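**Student:** Quick one, final-v5.cif (mmCIF, C-alpha atoms):
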data_run
loop_
_atom_site.group_PDB
_atom_site.id
_atom_site.type_symbol
_atom_site.label_atom_id
_atom_site.label_comp_id
_atom_site.auth_asym_id
_atom_site.auth_seq_id
_atom_site.Cartn_x
_atom_site.Cartn_y
_atom_site.Cartn_z
ATOM 1 C CA MET A 1352 14.977 -10.896 -8.569
ATOM 2 C CA LYS A 1353 15.518 -13.879 -6.318
ATOM 3 C CA LYS A 1354 13.092 -16.707 -6.971
ATOM 4 C CA LYS A 1355 12.384 -17.095 -3.256
ATOM 5 C CA ASN A 1356 11.039 -13.517 -3.159
ATOM 6 C CA ILE A 1357 8.382 -14.086 -5.825
ATOM 7 C CA PRO A 1358 5.688 -15.407 -3.424
ATOM 8 C CA THR A 1359 6.123 -12.393 -1.154
ATOM 9 C CA ILE A 1360 6.005 -9.964 -4.080
ATOM 10 C CA ALA A 1361 2.771 -11.640 -5.151
ATOM 11 C CA GLY A 1362 1.484 -11.350 -1.585
ATOM 12 C CA LEU A 1363 2.262 -7.630 -1.463
ATOM 13 C CA ILE A 1364 0.457 -7.106 -4.759
ATOM 14 C CA ILE A 1365 -2.576 -8.937 -3.381
ATOM 15 C CA SER A 1366 -2.579 -6.987 -0.137
ATOM 16 C CA LEU A 1367 -1.686 -3.464 -1.249
ATOM 17 C CA ILE A 1368 -2.555 -3.131 -4.944
ATOM 18 C CA LEU A 1369 -5.473 -5.428 -5.797
ATOM 19 C CA PRO A 1370 -7.898 -3.847 -3.271
ATOM 20 C CA GLY A 1371 -7.765 -0.780 -5.512
ATOM 21 C CA ILE A 1372 -9.752 -2.611 -8.197
ATOM 22 C CA PHE A 1373 -12.866 -2.160 -6.058
ATOM 23 C CA LEU A 1374 -12.628 1.572 -6.763
ATOM 24 C CA ILE A 1375 -13.126 0.971 -10.487
ATOM 25 C CA ASP A 1376 -16.671 1.967 -11.453
ATOM 26 C CA ALA A 1377 -17.443 -1.244 -13.345
ATOM 27 C CA VAL A 1378 -16.332 -3.388 -10.421
ATOM 28 C CA GLY A 1379 -18.219 -1.181 -7.985
ATOM 29 C CA ASP A 1380 -21.400 -1.577 -10.027
ATOM 30 C CA VAL A 1381 -21.117 -5.369 -9.822
ATOM 31 C CA ILE A 1382 -20.622 -5.204 -6.050
ATOM 32 C CA LYS A 1383 -23.654 -2.922 -5.629
ATOM 33 C CA ASN A 1384 -25.821 -5.575 -7.275
ATOM 34 C CA LEU A 1385 -24.804 -8.205 -4.722
ATOM 35 C CA PRO A 1386 -26.877 -8.826 -1.587
ATOM 36 C CA ASP A 1387 -25.904 -6.303 1.115
ATOM 37 C CA PHE A 1388 -24.138 -8.854 3.297
ATOM 38 C CA LEU A 1389 -21.896 -9.827 0.350
ATOM 39 C CA ASN A 1390 -20.648 -6.278 -0.320
ATOM 40 C CA GLY A 1391 -17.291 -7.165 1.180
ATOM 41 C CA LEU A 1392 -16.920 -10.433 -0.717
ATOM 42 C CA GLY A 1393 -13.981 -9.145 -2.748
ATOM 43 C CA PHE A 1394 -11.980 -8.281 0.368
ATOM 44 C CA TRP A 1395 -12.717 -11.680 1.891
ATOM 45 C CA LEU A 1396 -11.540 -13.390 -1.320
ATOM 46 C CA LEU A 1397 -8.298 -11.406 -1.378
ATOM 47 C CA THR A 1398 -7.721 -12.207 2.290
ATOM 48 C CA VAL A 1399 -8.275 -15.932 1.784
ATOM 49 C CA ILE A 1400 -5.981 -15.943 -1.263
ATOM 50 C CA LEU A 1401 -3.313 -14.099 0.728
ATOM 51 C CA ILE A 1402 -3.523 -16.617 3.575
ATOM 52 C CA LEU A 1403 -3.145 -19.442 1.044
ATOM 53 C CA VAL A 1404 -0.062 -17.691 -0.371
ATOM 54 C CA VAL A 1405 1.422 -17.514 3.138
ATOM 55 C CA LEU A 1406 0.742 -21.171 3.930
ATOM 56 C CA PHE A 1407 1.353 -22.941 0.625
ATOM 57 C CA TRP A 1408 3.589 -20.673 -1.484
ATOM 58 C CA GLU A 1409 5.710 -18.867 1.064
ATOM 59 C CA LYS A 1410 5.380 -21.987 3.269
ATOM 60 C CA LYS A 1411 5.260 -19.910 6.439
ATOM 61 C CA PRO A 1412 3.042 -20.283 9.516
ATOM 62 C CA LEU A 1413 0.242 -17.837 10.297
ATOM 63 C CA SER A 1414 2.367 -16.622 13.183
ATOM 64 C CA SER A 1415 4.399 -14.893 10.452
ATOM 65 C CA ILE A 1416 1.451 -12.498 10.032
ATOM 66 C CA GLY A 1417 0.858 -11.997 13.724
ATOM 67 C CA LEU A 1418 -1.560 -14.803 14.559
ATOM 68 C CA LYS A 1419 -0.399 -16.019 17.937
ATOM 69 C CA LYS A 1420 -1.635 -17.278 21.279
ATOM 70 C CA LEU A 1421 -4.182 -14.998 22.925
ATOM 71 C CA THR A 1422 -3.264 -13.382 26.244
ATOM 72 C CA TRP A 1423 -4.892 -10.780 28.465
ATOM 73 C CA LYS A 1424 -2.719 -8.187 26.709
ATOM 74 C CA THR A 1425 -4.410 -9.045 23.396
ATOM 75 C CA PHE A 1426 -7.703 -7.774 24.772
ATOM 76 C CA ALA A 1427 -6.375 -5.032 27.054
ATOM 77 C CA ILE A 1428 -4.376 -3.379 24.278
ATOM 78 C CA GLY A 1429 -7.164 -3.972 21.760
ATOM 79 C CA PHE A 1430 -9.704 -2.169 23.940
ATOM 80 C CA GLY A 1431 -7.209 0.486 25.046
ATOM 81 C CA SER A 1432 -6.213 1.452 21.503
ATOM 82 C CA ALA A 1433 -9.863 1.576 20.451
ATOM 83 C CA PHE A 1434 -10.616 3.893 23.377
ATOM 84 C CA VAL A 1435 -7.816 6.285 22.321
ATOM 85 C CA ILE A 1436 -9.056 6.397 18.719
ATOM 86 C CA ILE A 1437 -12.712 6.847 19.668
ATOM 87 C CA MET A 1438 -11.904 9.624 22.153
ATOM 88 C CA SER A 1439 -9.943 11.446 19.440
ATOM 89 C CA TYR A 1440 -12.941 11.707 17.134
ATOM 90 C CA PRO A 1441 -14.488 14.927 18.575
ATOM 91 C CA LEU A 1442 -11.123 16.715 18.405
ATOM 92 C CA ILE A 1443 -10.512 15.559 14.838
ATOM 93 C CA ALA A 1444 -14.057 16.611 13.882
ATOM 94 C CA LEU A 1445 -13.281 20.125 15.185
ATOM 95 C CA LEU A 1446 -10.049 20.172 13.175
ATOM 96 C CA VAL A 1447 -11.846 19.069 10.016
ATOM 97 C CA LYS A 1448 -14.447 21.789 10.519
ATOM 98 C CA ALA A 1449 -11.763 24.430 11.165
ATOM 99 C CA LEU A 1450 -10.037 23.437 7.911
ATOM 100 C CA GLY A 1451 -13.311 23.789 6.016
ATOM 101 C CA LEU A 1452 -13.258 20.182 4.853
ATOM 102 C CA MET A 1453 -16.231 17.894 4.412
ATOM 103 C CA GLY A 1454 -16.495 15.478 7.328
ATOM 104 C CA SER A 1455 -17.805 11.946 7.441
ATOM 105 C CA GLU A 1456 -21.497 12.871 7.550
ATOM 106 C CA ALA A 1457 -22.258 11.898 3.938
ATOM 107 C CA GLY A 1458 -20.501 8.560 4.309
ATOM 108 C CA LEU A 1459 -22.237 7.852 7.608
ATOM 109 C CA GLU A 1460 -25.610 8.689 6.094
ATOM 110 C CA GLU A 1461 -24.966 6.180 3.325
ATOM 111 C CA ILE A 1462 -23.629 3.502 5.678
ATOM 112 C CA THR A 1463 -26.435 3.799 8.220
ATOM 113 C CA LYS A 1464 -29.052 3.002 5.609
ATOM 114 C CA PHE A 1465 -28.144 -0.640 6.221
ATOM 115 C CA PRO A 1466 -29.733 -2.642 9.062
ATOM 116 C CA THR A 1467 -27.684 -3.140 12.219
ATOM 117 C CA TRP A 1468 -26.849 -6.789 11.517
ATOM 118 C CA ILE A 1469 -25.355 -5.819 8.148
ATOM 119 C CA LEU A 1470 -23.317 -3.072 9.826
ATOM 120 C CA ILE A 1471 -21.946 -5.614 12.308
ATOM 121 C CA ILE A 1472 -20.867 -7.790 9.362
ATOM 122 C CA PHE A 1473 -19.163 -4.724 7.852
ATOM 123 C CA CYS A 1474 -17.325 -4.134 11.153
ATOM 124 C CA ILE A 1475 -16.130 -7.739 11.298
ATOM 125 C CA GLN A 1476 -15.110 -7.632 7.660
ATOM 126 C CA ALA A 1477 -13.106 -4.427 8.047
ATOM 127 C CA GLY A 1478 -11.441 -5.649 11.222
ATOM 128 C CA VAL A 1479 -10.353 -8.984 9.779
ATOM 129 C CA THR A 1480 -9.594 -8.229 6.139
ATOM 130 C CA GLU A 1481 -8.080 -4.760 6.466
ATOM 131 C CA GLU A 1482 -5.823 -5.708 9.360
ATOM 132 C CA ILE A 1483 -4.465 -8.644 7.359
ATOM 133 C CA LEU A 1484 -4.269 -6.886 3.982
ATOM 134 C CA TYR A 1485 -3.029 -3.471 5.147
ATOM 135 C CA ARG A 1486 -1.300 -4.216 8.409
ATOM 136 C CA SER A 1487 0.008 -7.596 9.437
ATOM 137 C CA TYR A 1488 1.078 -9.091 6.102
ATOM 138 C CA PRO A 1489 2.658 -6.066 4.401
ATOM 139 C CA MET A 1490 4.208 -4.736 7.602
ATOM 140 C CA GLU A 1491 5.835 -8.071 8.410
ATOM 141 C CA ARG A 1492 7.186 -8.566 4.896
ATOM 142 C CA ILE A 1493 8.366 -4.978 4.350
ATOM 143 C CA LEU A 1494 10.056 -5.034 7.760
ATOM 144 C CA ALA A 1495 11.772 -8.338 6.931
ATOM 145 C CA TRP A 1496 13.076 -6.953 3.643
ATOM 146 C CA SER A 1497 13.981 -3.387 4.602
ATOM 147 C CA LYS A 1498 14.722 -3.722 8.337
ATOM 148 C CA SER A 1499 12.975 -0.340 8.578
ATOM 149 C CA LYS A 1500 10.019 0.054 10.917
ATOM 150 C CA SER A 1501 9.254 3.419 9.315
ATOM 151 C CA LEU A 1502 8.841 1.897 5.846
ATOM 152 C CA ALA A 1503 6.854 -1.006 7.288
ATOM 153 C CA ILE A 1504 4.465 1.451 8.910
ATOM 154 C CA PHE A 1505 4.117 4.190 6.318
ATOM 155 C CA ILE A 1506 3.910 2.331 2.990
ATOM 156 C CA PRO A 1507 0.782 0.337 3.977
ATOM 157 C CA LEU A 1508 -0.560 3.310 5.979
ATOM 158 C CA ILE A 1509 -0.527 5.667 2.997
ATOM 159 C CA ILE A 1510 -2.315 3.127 0.791
ATOM 160 C CA PHE A 1511 -4.834 2.281 3.532
ATOM 161 C CA THR A 1512 -5.633 5.961 4.053
ATOM 162 C CA LEU A 1513 -5.940 6.925 0.387
ATOM 163 C CA LEU A 1514 -8.246 3.997 -0.409
ATOM 164 C CA HIS A 1515 -10.801 5.558 1.963
ATOM 165 C CA LEU A 1516 -10.869 8.824 -0.020
ATOM 166 C CA PRO A 1517 -13.443 8.023 -2.755
ATOM 167 C CA PHE A 1518 -16.204 6.997 -0.334
ATOM 168 C CA TRP A 1519 -15.492 9.125 2.739
ATOM 169 C CA GLY A 1520 -13.992 12.321 1.318
ATOM 170 C CA PRO A 1521 -10.875 14.329 2.274
ATOM 171 C CA GLY A 1522 -11.979 15.442 5.746
ATOM 172 C CA HIS A 1523 -12.462 11.923 7.010
ATOM 173 C CA LEU A 1524 -8.958 11.006 5.843
ATOM 174 C CA ILE A 1525 -7.577 12.887 8.842
ATOM 175 C CA PHE A 1526 -9.390 10.494 11.153
ATOM 176 C CA VAL A 1527 -8.509 7.455 9.017
ATOM 177 C CA GLY A 1528 -4.862 8.521 8.972
ATOM 178 C CA PHE A 1529 -4.781 8.988 12.751
ATOM 179 C CA ALA A 1530 -6.519 5.655 13.352
ATOM 180 C CA GLY A 1531 -4.171 4.020 10.853
ATOM 181 C CA ILE A 1532 -1.147 5.315 12.764
ATOM 182 C CA ILE A 1533 -2.514 3.832 16.000
ATOM 183 C CA PHE A 1534 -3.273 0.510 14.260
ATOM 184 C CA SER A 1535 0.217 0.439 12.751
ATOM 185 C CA VAL A 1536 2.132 1.357 15.903
ATOM 186 C CA GLN A 1537 0.047 -1.153 17.840
ATOM 187 C CA TYR A 1538 0.952 -3.883 15.381
ATOM 188 C CA ILE A 1539 4.663 -3.074 15.127
ATOM 189 C CA TRP A 1540 4.803 -2.991 18.932
ATOM 190 C CA ARG A 1541 2.839 -6.148 19.761
ATOM 191 C CA ARG A 1542 2.829 -8.118 16.456
ATOM 192 C CA ASP A 1543 -0.592 -9.385 17.572
ATOM 193 C CA LEU A 1544 -3.077 -9.638 14.698
ATOM 194 C CA VAL A 1545 -6.103 -10.472 16.880
ATOM 195 C CA SER A 1546 -5.482 -7.411 19.052
ATOM 196 C CA ASN A 1547 -5.473 -5.224 15.939
ATOM 197 C CA ILE A 1548 -8.618 -6.872 14.616
ATOM 198 C CA LEU A 1549 -10.348 -6.219 17.935
ATOM 199 C CA THR A 1550 -9.322 -2.549 17.926
ATOM 200 C CA HIS A 1551 -10.468 -2.041 14.332
ATOM 201 C CA PHE A 1552 -13.788 -3.790 14.974
ATOM 202 C CA LEU A 1553 -14.510 -1.678 18.070
ATOM 203 C CA VAL A 1554 -13.671 1.591 16.296
ATOM 204 C CA ASP A 1555 -15.942 0.768 13.359
ATOM 205 C CA PHE A 1556 -18.681 -0.530 15.670
ATOM 206 C CA PHE A 1557 -18.657 2.792 17.483
ATOM 207 C CA GLY A 1558 -18.517 4.786 14.235
ATOM 208 C CA PHE A 1559 -21.173 2.857 12.320
ATOM 209 C CA ILE A 1560 -23.607 1.972 15.107
ATOM 210 C CA ILE A 1561 -23.059 3.853 18.376
ATOM 211 C CA TYR A 1562 -22.082 7.298 17.052
ATOM 212 C CA PRO A 1563 -25.120 7.653 14.744
ATOM 213 C CA ILE A 1564 -27.362 6.779 17.713
ATOM 214 C CA ILE A 1565 -25.677 9.538 19.757
ATOM 215 C CA LEU A 1566 -26.120 12.044 16.909
ATOM 216 C CA LYS A 1567 -29.777 11.104 16.510
ATOM 217 C CA ALA A 1568 -30.400 11.498 20.249
ATOM 218 C CA GLN A 1569 -28.729 14.937 20.270
ATOM 219 C CA SER A 1570 -30.691 16.176 17.259
ATOM 220 C CA GLY A 1571 -33.961 14.770 18.643
#
Translate this file's structure into structure tokens.
**Tutor:**
Amino acid sequence: MKKKNIPTIAGLIISLILPGIFLIDAVGDVIKNLPDFLNGLGFWLLTVILILVVLFWEKKPLSSIGLKKLTWKTFAIGFGSAFVIIMSYPLIALLVKALGLMGSEAGLEEITKFPTWILIIFCIQAGVTEEILYRSYPMERILAWSKSKSLAIFIPLIIFTLLHLPFWGPGHLIFVGFAGIIFSVQYIWRRDLVSNILTHFLVDFFGFIIYPIILKAQSG
């Protein structure tokens, strides 16, 4: 192993492996006892540590994980990708039902117990931390090492998708996997972290806040 690769190996462990510790029951119990708005504290800590690794151990700029000057394309592509993902949800819901799998209803019921301002914090958290941990950092580093866009996309994508299984169930993984593909292709195409964060935030905002309102209105 080359010494110069050690910081990046550490970064990949932080981004792709350490988030799994939050699935351990004992760790989950500790998180549940935190105030609601601190439920994502672990992901924020990992993200901050990863950024410090980039800046002070790898000695690379934040542009190396896709943080670059904002342009109109940042927002246009961010909104456009979110629109594609959101519009896919009814079709994916039909597919999940046809396959006889449990959808996202149980997870949504649990999530929507929180007040709206907490849900907005969750959306921001997911957009920022997950796009750094599961997209920009690992995709950039795997691509640099392997020169393979396929590996750069699918290694983080598989981990990202499977980590949603314990809370959301198998049916919802179809949607997560589809959204993850869009997020990944968007990043490998534009290499624009803020655009990805915007897309992820909008998708979760719709799923956590707007969609439950629509369901409630239809049932009422």
**Student:** So that I can see what lies close to Ile1472 (chain A), please list as a ChimeraX atom specification the residues with an atom at most 12 Å from it, counting all atoms listed in the file and leaving out residues fewer than 2 positions away in the same chain.
**Tutor:** /A:1387-1392,1395,1465-1470,1474-1480,1552,1555-1556,1559-1560
**Student:** Would you kindly translate the PyMOL selection byres ((chain A and resi 1456) around 12) into the concrete residues it picks from this file, as a list of chain:residue names?
**Tutor:**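 With the shown file as input, the PyMOL selection byres ((chain A and resi 1456) around 12) matches A:Ala1444, A:Val1447, A:Lys1448, A:Leu1452, A:Met1453, A:Gly1454, A:Ser1455, A:Ala1457, A:Gly1458, A:Leu1459, A:Glu1460, A:Glu1461, A:Ile1462, A:Thr1463, A:Phe1518, A:Trp1519, A:Gly1520, A:Pro1521, A:Gly1522, A:His1523, A:Gly1558, A:Phe1559, A:Tyr1562, A:Pro1563, A:Leu1566.
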**Student:** Would you output that residue set with C-alpha atoms, as a PDB file, in the coordinates of the input?
**Tutor:**
ATOM      1  CA  ALA A1444     -14.057  16.611  13.882  1.00  0.00           C
ATOM      2  CA  VAL A1447     -11.846  19.069  10.016  1.00  0.00           C
ATOM      3  CA  LYS A1448     -14.447  21.789  10.519  1.00  0.00           C
ATOM      4  CA  LEU A1452     -13.258  20.182   4.853  1.00  0.00           C
ATOM      5  CA  MET A1453     -16.231  17.894   4.412  1.00  0.00           C
ATOM      6  CA  GLY A1454     -16.495  15.478   7.328  1.00  0.00           C
ATOM      7  CA  SER A1455     -17.805  11.946   7.441  1.00  0.00           C
ATOM      8  CA  ALA A1457     -22.258  11.898   3.938  1.00  0.00           C
ATOM      9  CA  GLY A1458     -20.501   8.560   4.309  1.00  0.00           C
ATOM     10  CA  LEU A1459     -22.237   7.852   7.608  1.00  0.00           C
ATOM     11  CA  GLU A1460     -25.610   8.689   6.094  1.00  0.00           C
ATOM     12  CA  GLU A1461     -24.966   6.180   3.325  1.00  0.00           C
ATOM     13  CA  ILE A1462     -23.629   3.502   5.678  1.00  0.00           C
ATOM     14  CA  THR A1463     -26.435   3.799   8.220  1.00  0.00           C
ATOM     15  CA  PHE A1518     -16.204   6.997  -0.334  1.00  0.00           C
ATOM     16  CA  TRP A1519     -15.492   9.125   2.739  1.00  0.00           C
ATOM     17  CA  GLY A1520     -13.992  12.321   1.318  1.00  0.00           C
ATOM     18  CA  PRO A1521     -10.875  14.329   2.274  1.00  0.00           C
ATOM     19  CA  GLY A1522     -11.979  15.442   5.746  1.00  0.00           C
ATOM     20  CA  HIS A1523     -12.462  11.923   7.010  1.00  0.00           C
ATOM     21  CA  GLY A1558     -18.517   4.786  14.235  1.00  0.00           C
ATOM     22  CA  PHE A1559     -21.173   2.857  12.320  1.00  0.00           C
ATOM     23  CA  TYR A1562     -22.082   7.298  17.052  1.00  0.00           C
ATOM     24  CA  PRO A1563     -25.120   7.653  14.744  1.00  0.00           C
ATOM     25  CA  LEU A1566     -26.120  12.044  16.909  1.00  0.00           C
TER      26      LEU A1566
END
**Student:** If you apply the PyMOL selection byres ((chain A and resi 1537) around 12) to this file, what residues do you get, as number ranges by chain?
**Tutor:** A: 1417, 1424-1425, 1427-1433, 1435-1436, 1482, 1486-1487, 1490, 1504, 1530-1536, 1538-1551
**Student:** Take the residues just selected and output them with C-alpha atoms as a CSV table (one decimal), keeping the file's coordinate frame.
**Tutor:**
chain,number,residue,atom,x,y,z
A,1417,GLY,CA,0.9,-12.0,13.7
A,1424,LYS,CA,-2.7,-8.2,26.7
A,1425,THR,CA,-4.4,-9.0,23.4
A,1427,ALA,CA,-6.4,-5.0,27.1
A,1428,ILE,CA,-4.4,-3.4,24.3
A,1429,GLY,CA,-7.2,-4.0,21.8
A,1430,PHE,CA,-9.7,-2.2,23.9
A,1431,GLY,CA,-7.2,0.5,25.0
A,1432,SER,CA,-6.2,1.5,21.5
A,1433,ALA,CA,-9.9,1.6,20.5
A,1435,VAL,CA,-7.8,6.3,22.3
A,1436,ILE,CA,-9.1,6.4,18.7
A,1482,GLU,CA,-5.8,-5.7,9.4
A,1486,ARG,CA,-1.3,-4.2,8.4
A,1487,SER,CA,0.0,-7.6,9.4
A,1490,MET,CA,4.2,-4.7,7.6
A,1504,ILE,CA,4.5,1.5,8.9
A,1530,ALA,CA,-6.5,5.7,13.4
A,1531,GLY,CA,-4.2,4.0,10.9
A,1532,ILE,CA,-1.1,5.3,12.8
A,1533,ILE,CA,-2.5,3.8,16.0
A,1534,PHE,CA,-3.3,0.5,14.3
A,1535,SER,CA,0.2,0.4,12.8
A,1536,VAL,CA,2.1,1.4,15.9
A,1538,TYR,CA,1.0,-3.9,15.4
A,1539,ILE,CA,4.7,-3.1,15.1
A,1540,TRP,CA,4.8,-3.0,18.9
A,1541,ARG,CA,2.8,-6.1,19.8
A,1542,ARG,CA,2.8,-8.1,16.5
A,1543,ASP,CA,-0.6,-9.4,17.6
A,1544,LEU,CA,-3.1,-9.6,14.7
A,1545,VAL,CA,-6.1,-10.5,16.9
A,1546,SER,CA,-5.5,-7.4,19.1
A,1547,ASN,CA,-5.5,-5.2,15.9
A,1548,ILE,CA,-8.6,-6.9,14.6
A,1549,LEU,CA,-10.3,-6.2,17.9
A,1550,THR,CA,-9.3,-2.5,17.9
A,1551,HIS,CA,-10.5,-2.0,14.3
**Student:** Using only C-alpha atoms for the distances, tell me which of A:Leu1396, A:Ala1495, A:Tyr1485, A:Ile1402 is nearest to Leu1513 (chain A).
**Tutor:**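 Smallest separation from Leu1513 (chain A) among the options: A:Tyr1485.
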**Student:** Would you compute the distance between CA of Leu1445 (chain A) and CA of Gln1569 (chain A)? Give it in Å to one decimal.
**Tutor:** 17.1 Å
